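See below for target.cif, which holds mmCIF, C-alpha atoms, pLDDT in the B column; chains and numbers go by the auth columns.
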data_structure
loop_
_atom_site.group_PDB
_atom_site.id
_atom_site.type_symbol
_atom_site.label_atom_id
_atom_site.label_comp_id
_atom_site.label_asym_id
_atom_site.label_seq_id
_atom_site.Cartn_x
_atom_site.Cartn_y
_atom_site.Cartn_z
_atom_site.B_iso_or_equiv
_atom_site.auth_seq_id
_atom_site.auth_asym_id
ATOM 1 C CA ARG A 1 -11.073 -13.737 -2.036 91.00 1 A
ATOM 2 C CA LEU A 2 -8.115 -15.750 -3.200 95.00 2 A
ATOM 3 C CA GLN A 3 -7.946 -19.209 -1.687 94.00 3 A
ATOM 4 C CA GLY A 4 -5.357 -21.940 -2.113 96.00 4 A
ATOM 5 C CA PRO A 5 -1.860 -22.255 -3.606 96.00 5 A
ATOM 6 C CA ALA A 6 -2.957 -21.788 -7.225 97.00 6 A
ATOM 7 C CA ALA A 7 -4.705 -18.489 -6.475 97.00 7 A
ATOM 8 C CA LEU A 8 -1.693 -17.275 -4.497 98.00 8 A
ATOM 9 C CA ARG A 9 0.573 -18.005 -7.469 98.00 9 A
ATOM 10 C CA GLU A 10 -1.805 -16.004 -9.680 98.00 10 A
ATOM 11 C CA ALA A 11 -1.433 -13.052 -7.322 98.00 11 A
ATOM 12 C CA GLN A 12 2.340 -13.461 -7.222 98.00 12 A
ATOM 13 C CA ALA A 13 2.464 -13.611 -11.033 98.00 13 A
ATOM 14 C CA LEU A 14 0.383 -10.427 -11.371 98.00 14 A
ATOM 15 C CA ARG A 15 2.600 -8.680 -8.840 98.00 15 A
ATOM 16 C CA TYR A 16 5.685 -9.747 -10.773 98.00 16 A
ATOM 17 C CA ARG A 17 4.321 -8.382 -14.055 97.00 17 A
ATOM 18 C CA VAL A 18 3.368 -5.028 -12.536 95.00 18 A
ATOM 19 C CA PHE A 19 6.361 -4.488 -10.263 95.00 19 A
ATOM 20 C CA SER A 20 9.015 -5.638 -12.723 93.00 20 A
ATOM 21 C CA ALA A 21 7.573 -3.478 -15.515 91.00 21 A
ATOM 22 C CA GLU A 22 6.889 -0.310 -13.504 88.00 22 A
ATOM 23 C CA PHE A 23 9.538 -0.409 -10.780 90.00 23 A
ATOM 24 C CA ASP A 24 12.246 -2.565 -12.411 90.00 24 A
ATOM 25 C CA ALA A 25 12.176 -4.237 -9.014 93.00 25 A
ATOM 26 C CA LYS A 26 14.524 -6.945 -7.762 94.00 26 A
ATOM 27 C CA LEU A 27 12.020 -9.634 -6.822 96.00 27 A
ATOM 28 C CA ASN A 28 12.355 -12.953 -5.035 96.00 28 A
ATOM 29 C CA GLY A 29 10.965 -15.574 -7.400 97.00 29 A
ATOM 30 C CA ALA A 30 11.761 -13.574 -10.541 97.00 30 A
ATOM 31 C CA GLU A 31 13.217 -16.668 -12.204 97.00 31 A
ATOM 32 C CA LEU A 32 9.730 -18.210 -11.935 97.00 32 A
ATOM 33 C CA GLY A 33 7.937 -15.058 -13.074 97.00 33 A
ATOM 34 C CA LEU A 34 6.681 -14.507 -9.519 98.00 34 A
ATOM 35 C CA ASP A 35 6.976 -11.958 -6.710 98.00 35 A
ATOM 36 C CA MET A 36 7.124 -13.961 -3.504 97.00 36 A
ATOM 37 C CA ASP A 37 8.401 -13.500 0.050 96.00 37 A
ATOM 38 C CA ASP A 38 8.125 -14.951 3.540 94.00 38 A
ATOM 39 C CA TYR A 39 5.072 -12.846 4.411 97.00 39 A
ATOM 40 C CA ASP A 40 2.758 -14.321 1.769 97.00 40 A
ATOM 41 C CA ILE A 41 1.858 -17.505 3.632 95.00 41 A
ATOM 42 C CA HIS A 42 0.911 -15.485 6.731 96.00 42 A
ATOM 43 C CA CYS A 43 -1.376 -13.109 4.798 97.00 43 A
ATOM 44 C CA SER A 44 -4.854 -13.326 3.364 97.00 44 A
ATOM 45 C CA HIS A 45 -5.169 -12.262 -0.268 98.00 45 A
ATOM 46 C CA ILE A 46 -8.011 -10.575 -2.106 98.00 46 A
ATOM 47 C CA GLY A 47 -8.375 -9.698 -5.758 98.00 47 A
ATOM 48 C CA VAL A 48 -10.497 -8.664 -8.720 98.00 48 A
ATOM 49 C CA ARG A 49 -11.116 -10.842 -11.786 97.00 49 A
ATOM 50 C CA ASP A 50 -12.255 -9.987 -15.282 97.00 50 A
ATOM 51 C CA LEU A 51 -15.592 -11.801 -15.442 95.00 51 A
ATOM 52 C CA ASN A 52 -15.203 -12.510 -19.144 96.00 52 A
ATOM 53 C CA SER A 53 -11.717 -14.011 -19.124 97.00 53 A
ATOM 54 C CA GLY A 54 -11.414 -15.077 -15.477 96.00 54 A
ATOM 55 C CA GLU A 55 -8.041 -13.336 -15.361 97.00 55 A
ATOM 56 C CA LEU A 56 -6.868 -11.837 -12.068 98.00 56 A
ATOM 57 C CA VAL A 57 -6.393 -8.103 -12.723 98.00 57 A
ATOM 58 C CA ALA A 58 -5.930 -6.622 -9.243 98.00 58 A
ATOM 59 C CA THR A 59 -4.756 -7.936 -5.911 98.00 59 A
ATOM 60 C CA THR A 60 -3.585 -6.979 -2.454 97.00 60 A
ATOM 61 C CA ARG A 61 -2.536 -8.875 0.630 98.00 61 A
ATOM 62 C CA LEU A 62 -3.571 -8.358 4.237 98.00 62 A
ATOM 63 C CA LEU A 63 -1.613 -9.116 7.407 98.00 63 A
ATOM 64 C CA ASP A 64 -3.552 -8.842 10.640 95.00 64 A
ATOM 65 C CA HIS A 65 -2.238 -8.047 14.111 93.00 65 A
ATOM 66 C CA GLN A 66 -2.334 -11.662 15.269 94.00 66 A
ATOM 67 C CA ALA A 67 -0.302 -12.937 12.322 96.00 67 A
ATOM 68 C CA ALA A 68 2.118 -10.028 12.730 95.00 68 A
ATOM 69 C CA ALA A 69 2.545 -10.914 16.414 92.00 69 A
ATOM 70 C CA GLY A 70 3.432 -14.471 15.401 93.00 70 A
ATOM 71 C CA LEU A 71 5.959 -13.167 12.884 93.00 71 A
ATOM 72 C CA GLY A 72 7.287 -10.623 15.335 93.00 72 A
ATOM 73 C CA ARG A 73 6.734 -7.717 12.958 94.00 73 A
ATOM 74 C CA TYR A 74 4.634 -6.097 10.269 96.00 74 A
ATOM 75 C CA TYR A 75 6.099 -5.767 6.783 97.00 75 A
ATOM 76 C CA SER A 76 6.055 -1.977 7.181 97.00 76 A
ATOM 77 C CA GLU A 77 8.473 -2.272 10.097 96.00 77 A
ATOM 78 C CA GLU A 78 11.215 -3.210 7.632 96.00 78 A
ATOM 79 C CA GLU A 79 11.014 0.362 6.327 97.00 79 A
ATOM 80 C CA PHE A 80 9.780 2.423 9.282 97.00 80 A
ATOM 81 C CA ALA A 81 10.181 2.586 13.047 95.00 81 A
ATOM 82 C CA LEU A 82 6.512 2.167 13.949 93.00 82 A
ATOM 83 C CA HIS A 83 6.521 3.439 17.529 88.00 83 A
ATOM 84 C CA CYS A 84 2.954 4.634 16.956 87.00 84 A
ATOM 85 C CA LEU A 85 1.654 1.050 17.086 88.00 85 A
ATOM 86 C CA ALA A 86 1.775 1.145 20.880 84.00 86 A
ATOM 87 C CA ARG A 87 -0.714 4.047 20.814 85.00 87 A
ATOM 88 C CA LEU A 88 -3.331 2.289 18.687 88.00 88 A
ATOM 89 C CA GLU A 89 -6.395 0.999 20.480 84.00 89 A
ATOM 90 C CA GLY A 90 -7.974 -1.928 18.697 86.00 90 A
ATOM 91 C CA PRO A 91 -7.049 -4.474 16.052 94.00 91 A
ATOM 92 C CA VAL A 92 -4.830 -3.460 13.119 95.00 92 A
ATOM 93 C CA LEU A 93 -4.809 -4.759 9.543 97.00 93 A
ATOM 94 C CA GLU A 94 -1.811 -4.127 7.298 97.00 94 A
ATOM 95 C CA ILE A 95 -2.334 -3.802 3.550 97.00 95 A
ATOM 96 C CA GLY A 96 0.503 -4.371 1.121 96.00 96 A
ATOM 97 C CA ARG A 97 1.680 -5.431 -2.329 97.00 97 A
ATOM 98 C CA THR A 98 -1.366 -3.760 -3.892 96.00 98 A
ATOM 99 C CA CYS A 99 -1.282 -3.744 -7.685 95.00 99 A
ATOM 100 C CA VAL A 100 -3.638 -3.383 -10.641 95.00 100 A
ATOM 101 C CA ASP A 101 -2.946 -4.505 -14.203 96.00 101 A
ATOM 102 C CA VAL A 102 -2.320 -1.382 -16.271 94.00 102 A
ATOM 103 C CA THR A 103 -5.171 -2.237 -18.659 95.00 103 A
ATOM 104 C CA TYR A 104 -7.656 -2.262 -15.775 95.00 104 A
ATOM 105 C CA ARG A 105 -6.303 0.695 -13.845 90.00 105 A
ATOM 106 C CA ASN A 106 -9.509 2.665 -13.384 88.00 106 A
ATOM 107 C CA GLY A 107 -11.917 3.717 -10.687 85.00 107 A
ATOM 108 C CA ALA A 108 -14.214 0.748 -11.193 90.00 108 A
ATOM 109 C CA THR A 109 -11.516 -1.855 -10.602 93.00 109 A
ATOM 110 C CA ILE A 110 -10.190 -0.087 -7.526 89.00 110 A
ATOM 111 C CA ALA A 111 -13.751 0.290 -6.182 87.00 111 A
ATOM 112 C CA VAL A 112 -14.294 -3.478 -6.426 92.00 112 A
ATOM 113 C CA LEU A 113 -11.002 -4.107 -4.636 93.00 113 A
ATOM 114 C CA TRP A 114 -11.994 -1.637 -1.897 88.00 114 A
ATOM 115 C CA GLY A 115 -15.324 -3.448 -1.594 89.00 115 A
ATOM 116 C CA GLU A 116 -13.516 -6.715 -0.881 92.00 116 A
ATOM 117 C CA LEU A 117 -11.320 -4.900 1.611 91.00 117 A
ATOM 118 C CA ALA A 118 -14.418 -3.494 3.321 87.00 118 A
ATOM 119 C CA GLU A 119 -15.761 -7.003 3.903 90.00 119 A
ATOM 120 C CA VAL A 120 -12.519 -8.072 5.552 92.00 120 A
ATOM 121 C CA LEU A 121 -12.422 -4.944 7.734 89.00 121 A
ATOM 122 C CA ASN A 122 -16.010 -5.456 8.864 87.00 122 A
ATOM 123 C CA GLU A 123 -15.719 -9.171 9.529 91.00 123 A
ATOM 124 C CA GLY A 124 -12.518 -8.770 11.538 92.00 124 A
ATOM 125 C CA GLY A 125 -13.658 -5.712 13.470 91.00 125 A
ATOM 126 C CA TYR A 126 -10.436 -3.912 12.597 93.00 126 A
ATOM 127 C CA ARG A 127 -10.096 -0.307 13.738 93.00 127 A
ATOM 128 C CA TYR A 128 -6.976 0.612 11.746 95.00 128 A
ATOM 129 C CA LEU A 129 -5.697 -0.078 8.262 95.00 129 A
ATOM 130 C CA MET A 130 -2.041 0.683 7.634 96.00 130 A
ATOM 131 C CA GLY A 131 0.664 0.036 5.082 96.00 131 A
ATOM 132 C CA CYS A 132 3.170 1.495 2.644 96.00 132 A
ATOM 133 C CA ALA A 133 2.078 3.314 -0.526 95.00 133 A
ATOM 134 C CA SER A 134 4.724 3.172 -3.258 94.00 134 A
ATOM 135 C CA ILE A 135 5.788 5.844 -5.732 94.00 135 A
ATOM 136 C CA PRO A 136 7.905 4.569 -8.671 90.00 136 A
ATOM 137 C CA MET A 137 11.251 6.303 -9.111 89.00 137 A
ATOM 138 C CA MET A 138 12.225 4.841 -12.479 76.00 138 A
ATOM 139 C CA GLN A 139 11.229 7.332 -15.169 71.00 139 A
ATOM 140 C CA GLY A 140 11.906 6.127 -18.713 66.00 140 A
ATOM 141 C CA GLY A 141 14.563 3.730 -17.466 65.00 141 A
ATOM 142 C CA VAL A 142 16.318 6.486 -15.486 68.00 142 A
ATOM 143 C CA PHE A 143 16.281 6.707 -11.689 71.00 143 A
ATOM 144 C CA ASN A 144 14.618 9.971 -10.666 84.00 144 A
ATOM 145 C CA GLY A 145 13.351 10.839 -7.192 92.00 145 A
ATOM 146 C CA ASP A 146 11.982 14.286 -8.072 94.00 146 A
ATOM 147 C CA VAL A 147 8.469 12.950 -8.700 93.00 147 A
ATOM 148 C CA ALA A 148 8.389 11.253 -5.288 95.00 148 A
ATOM 149 C CA ALA A 149 9.685 14.401 -3.577 96.00 149 A
ATOM 150 C CA SER A 150 7.001 16.496 -5.292 95.00 150 A
ATOM 151 C CA ILE A 151 4.226 14.111 -4.254 96.00 151 A
ATOM 152 C CA TRP A 152 5.537 14.095 -0.678 97.00 152 A
ATOM 153 C CA ARG A 153 5.397 17.908 -0.607 96.00 153 A
ATOM 154 C CA GLN A 154 1.759 17.811 -1.726 96.00 154 A
ATOM 155 C CA VAL A 155 0.537 15.160 0.702 96.00 155 A
ATOM 156 C CA ARG A 156 2.365 16.508 3.755 95.00 156 A
ATOM 157 C CA GLU A 157 0.530 19.825 3.345 93.00 157 A
ATOM 158 C CA LYS A 158 -2.942 18.249 3.485 94.00 158 A
ATOM 159 C CA TYR A 159 -2.869 14.693 4.763 96.00 159 A
ATOM 160 C CA MET A 160 -0.388 14.385 7.642 97.00 160 A
ATOM 161 C CA ALA A 161 -1.380 12.418 10.728 95.00 161 A
ATOM 162 C CA PRO A 162 -1.188 14.024 14.174 93.00 162 A
ATOM 163 C CA ILE A 163 2.368 14.197 15.484 94.00 163 A
ATOM 164 C CA GLU A 164 1.860 11.385 18.003 92.00 164 A
ATOM 165 C CA PHE A 165 1.321 8.960 15.115 93.00 165 A
ATOM 166 C CA GLN A 166 4.161 10.137 12.907 95.00 166 A
ATOM 167 C CA VAL A 167 7.037 7.776 12.140 96.00 167 A
ATOM 168 C CA ARG A 168 10.568 7.923 10.724 96.00 168 A
ATOM 169 C CA PRO A 169 11.933 5.982 7.759 97.00 169 A
ATOM 170 C CA ARG A 170 14.844 3.627 8.332 97.00 170 A
ATOM 171 C CA LEU A 171 16.365 4.611 4.974 97.00 171 A
ATOM 172 C CA ALA A 172 15.114 8.101 4.161 96.00 172 A
ATOM 173 C CA LEU A 173 14.687 9.428 0.645 95.00 173 A
ATOM 174 C CA PRO A 174 17.361 12.184 0.260 94.00 174 A
ATOM 175 C CA LEU A 175 14.797 14.960 -0.080 94.00 175 A
ATOM 176 C CA ASP A 176 17.283 17.831 0.272 93.00 176 A
ATOM 177 C CA ASN A 177 18.887 16.803 -3.022 92.00 177 A
ATOM 178 C CA LEU A 178 15.645 16.555 -4.993 94.00 178 A
ATOM 179 C CA ASN A 179 13.339 18.965 -6.818 94.00 179 A
ATOM 180 C CA ASP A 180 9.933 18.876 -5.074 95.00 180 A
ATOM 181 C CA ARG A 181 8.170 21.390 -7.306 95.00 181 A
ATOM 182 C CA LEU A 182 7.162 19.228 -10.272 93.00 182 A
ATOM 183 C CA PRO A 183 3.495 19.529 -11.382 94.00 183 A
ATOM 184 C CA VAL A 184 2.669 15.840 -10.840 92.00 184 A
ATOM 185 C CA GLU A 185 -0.213 13.914 -9.292 92.00 185 A
ATOM 186 C CA PRO A 186 0.031 10.982 -6.885 93.00 186 A
ATOM 187 C CA PRO A 187 -0.456 7.483 -8.348 90.00 187 A
ATOM 188 C CA ALA A 188 -4.066 6.316 -8.597 86.00 188 A
ATOM 189 C CA LEU A 189 -3.789 3.964 -5.614 87.00 189 A
ATOM 190 C CA ILE A 190 -2.431 6.694 -3.349 92.00 190 A
ATOM 191 C CA LYS A 191 -5.233 9.026 -4.443 91.00 191 A
ATOM 192 C CA GLY A 192 -7.669 6.230 -3.625 86.00 192 A
ATOM 193 C CA TYR A 193 -6.246 5.839 -0.126 88.00 193 A
ATOM 194 C CA LEU A 194 -6.431 9.581 0.508 91.00 194 A
ATOM 195 C CA ARG A 195 -10.055 9.759 -0.660 87.00 195 A
ATOM 196 C CA LEU A 196 -10.938 7.160 1.968 86.00 196 A
ATOM 197 C CA GLY A 197 -9.543 9.408 4.707 89.00 197 A
ATOM 198 C CA THR A 198 -6.104 7.838 5.006 93.00 198 A
ATOM 199 C CA LYS A 199 -3.385 9.892 6.699 96.00 199 A
ATOM 200 C CA VAL A 200 0.317 9.975 5.882 97.00 200 A
ATOM 201 C CA LEU A 201 2.492 9.112 8.876 97.00 201 A
ATOM 202 C CA GLY A 202 5.782 10.629 7.763 97.00 202 A
ATOM 203 C CA ALA A 203 8.421 11.182 5.115 97.00 203 A
ATOM 204 C CA PRO A 204 9.007 8.520 2.465 97.00 204 A
ATOM 205 C CA ALA A 205 11.452 5.677 2.830 97.00 205 A
ATOM 206 C CA TRP A 206 13.665 4.658 -0.054 95.00 206 A
ATOM 207 C CA ASP A 207 13.265 1.015 -1.091 95.00 207 A
ATOM 208 C CA PRO A 208 16.276 0.229 -3.323 93.00 208 A
ATOM 209 C CA ASP A 209 14.953 -3.222 -4.304 93.00 209 A
ATOM 210 C CA PHE A 210 11.746 -1.714 -5.667 93.00 210 A
ATOM 211 C CA ASN A 211 13.278 1.562 -6.901 91.00 211 A
ATOM 212 C CA SER A 212 10.444 3.248 -5.053 94.00 212 A
ATOM 213 C CA ALA A 213 9.687 5.844 -2.417 96.00 213 A
ATOM 214 C CA ASP A 214 7.270 4.378 0.120 97.00 214 A
ATOM 215 C CA LEU A 215 4.900 6.540 2.129 97.00 215 A
ATOM 216 C CA PRO A 216 3.696 5.196 5.496 97.00 216 A
ATOM 217 C CA VAL A 217 -0.093 5.516 5.605 97.00 217 A
ATOM 218 C CA MET A 218 -2.859 4.693 8.067 96.00 218 A
ATOM 219 C CA MET A 219 -6.637 4.932 8.086 93.00 219 A
ATOM 220 C CA ARG A 220 -8.609 4.893 11.309 90.00 220 A
ATOM 221 C CA PHE A 221 -11.933 3.265 10.562 85.00 221 A
ATOM 222 C CA ALA A 222 -13.733 5.892 12.664 81.00 222 A
ATOM 223 C CA ASP A 223 -12.294 8.578 10.363 81.00 223 A
ATOM 224 C CA LEU A 224 -13.471 6.957 7.144 78.00 224 A
ATOM 225 C CA HIS A 225 -14.688 9.630 4.729 72.00 225 A
ATOM 226 C CA PRO A 226 -18.510 9.946 4.962 74.00 226 A
ATOM 227 C CA ARG A 227 -18.802 9.392 1.212 72.00 227 A
ATOM 228 C CA TYR A 228 -17.475 5.844 1.672 71.00 228 A
ATOM 229 C CA ARG A 229 -18.725 5.029 5.161 70.00 229 A
ATOM 230 C CA LYS A 230 -22.086 3.634 4.026 68.00 230 A
ATOM 231 C CA ARG A 231 -20.403 1.465 1.403 65.00 231 A
ATOM 232 C CA PHE A 232 -17.939 0.044 3.924 64.00 232 A
ATOM 233 C CA LEU A 233 -20.442 -0.475 6.708 60.00 233 A
ATOM 234 C CA GLY A 234 -22.841 -2.174 4.318 58.00 234 A
ATOM 235 C CA ALA A 235 -20.230 -4.384 2.647 48.00 235 A
#

Would you mind giving the structure from this file in structure tokens?
Amino acid sequence: RLQGPAALREAQALRYRVFSAEFDAKLNGAELGLDMDDYDIHCSHIGVRDLNSGELVATTRLLDHQAAAGLGRYYSEEEFALHCLARLEGPVLEIGRTCVDVTYRNGATIAVLWGELAEVLNEGGYRYLMGCASIPMMQGGVFNGDVAASIWRQVREKYMAPIEFQVRPRLALPLDNLNDRLPVEPPALIKGYLRLGTKVLGAPAWDPDFNSADLPVMMRFADLHPRYRKRFLGA
């Protein structure tokens, strides 16, 4: 786990490198080579280091229900009307700003990050994990939403949450104007979420600052895929 101001700046620097390169995102703190916002100091942060170099190569941040109550909102509520929160029974943990250095973007790195996440979920007794999963819409320097529309078509056919948990984006991706038939696969992190048993809560929101389409996702701990349940419960 990442503790202290220096470790937080490492996470913010990694986020800046990934998000500026892949999303051409407009980031607070860009002049310092950092991605930073008002949520960071209210979140806990976990990460993965290269044991040889000590370099931080993956990170995510976690905002629990108590911190969100103090803030008056979850980060996801900036993009979605989360009426479903009133229907959730038990503590909620929000995951966000997840990124992995492109050199280390493989199953092993993501598995270590999920292992850290499992410890936090177990220790806090959380019943739900939720957040936004981003799909880049800058393709070769050109804005293109067709990939995001095609991924949305795929996931809505197999991974939608029950209707009582579905939400609406505040700024919807203009799906009617996009080609949703491209033969593309979801990003590795989204595939990782879905393998765990995560459900998609609704259509993607458009985040102009990140040039991304963001899918609202949620995993109920009780629905964790059996393949991963032992790993999480034993973390």

Might you pull out every residue within 10 Å of A:Arg49, with only C-alpha atoms counted and same-chain residues fewer than 6 positions away left off, and present them as a ChimeraX atom specification? /A:55-59,109,112-113

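Between atom CA of A:Met138 and atom CA of A:Ala213 the interatomic distance comes to 10.4 Å.
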
Ground truth for the PyMOL selection byres ((chain A and resi 111) around 12), written as a list in words: Gly47, Val48, Ala58, Val100, Tyr104, Arg105, Asn106, Gly107, Ala108, Thr109, Ile110, Val112, Leu113, Trp114, Gly115, Glu116, Leu117, Ala118, Ala188, Leu189, Gly192, Tyr193, Arg195, Leu196, Tyr228, Arg231, Phe232 and Ala235 of chain A

Would you kindly return, as a count of residues only, each protein, DNA or RNA residue with an atom no farther than 9 Å from any atom of A:His45, considering only C-alpha atoms and excluding same-chain residues fewer than 4 positions away? 11

Tell me which protein, DNA and RNA residues are within 9 Å of A:Ile190, counting all atoms listed in the file, leaving out same-chain ones fewer than 6 positions away, and put them as an MDAnalysis selection string. chainID A and resid 133:135

Could you tell me, as an mmCIF file with C-alpha atoms, keeping the file's coordinate frame, exactly which residues end up selected when the PyMOL selection byres ((chain A and resi 203) around 8) is applied to this structure?
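In the end it all went to selection-v5.cif:
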data_model
loop_
_atom_site.group_PDB
_atom_site.id
_atom_site.type_symbol
_atom_site.label_atom_id
_atom_site.label_comp_id
_atom_site.auth_asym_id
_atom_site.auth_seq_id
_atom_site.Cartn_x
_atom_site.Cartn_y
_atom_site.Cartn_z
ATOM 1 C CA TRP A 152 5.537 14.095 -0.678
ATOM 2 C CA VAL A 167 7.037 7.776 12.140
ATOM 3 C CA ARG A 168 10.568 7.923 10.724
ATOM 4 C CA PRO A 169 11.933 5.982 7.759
ATOM 5 C CA ALA A 172 15.114 8.101 4.161
ATOM 6 C CA LEU A 173 14.687 9.428 0.645
ATOM 7 C CA LEU A 201 2.492 9.112 8.876
ATOM 8 C CA GLY A 202 5.782 10.629 7.763
ATOM 9 C CA PRO A 204 9.007 8.520 2.465
ATOM 10 C CA ALA A 205 11.452 5.677 2.830
ATOM 11 C CA LEU A 215 4.900 6.540 2.129
ATOM 12 C CA PRO A 216 3.696 5.196 5.496
#
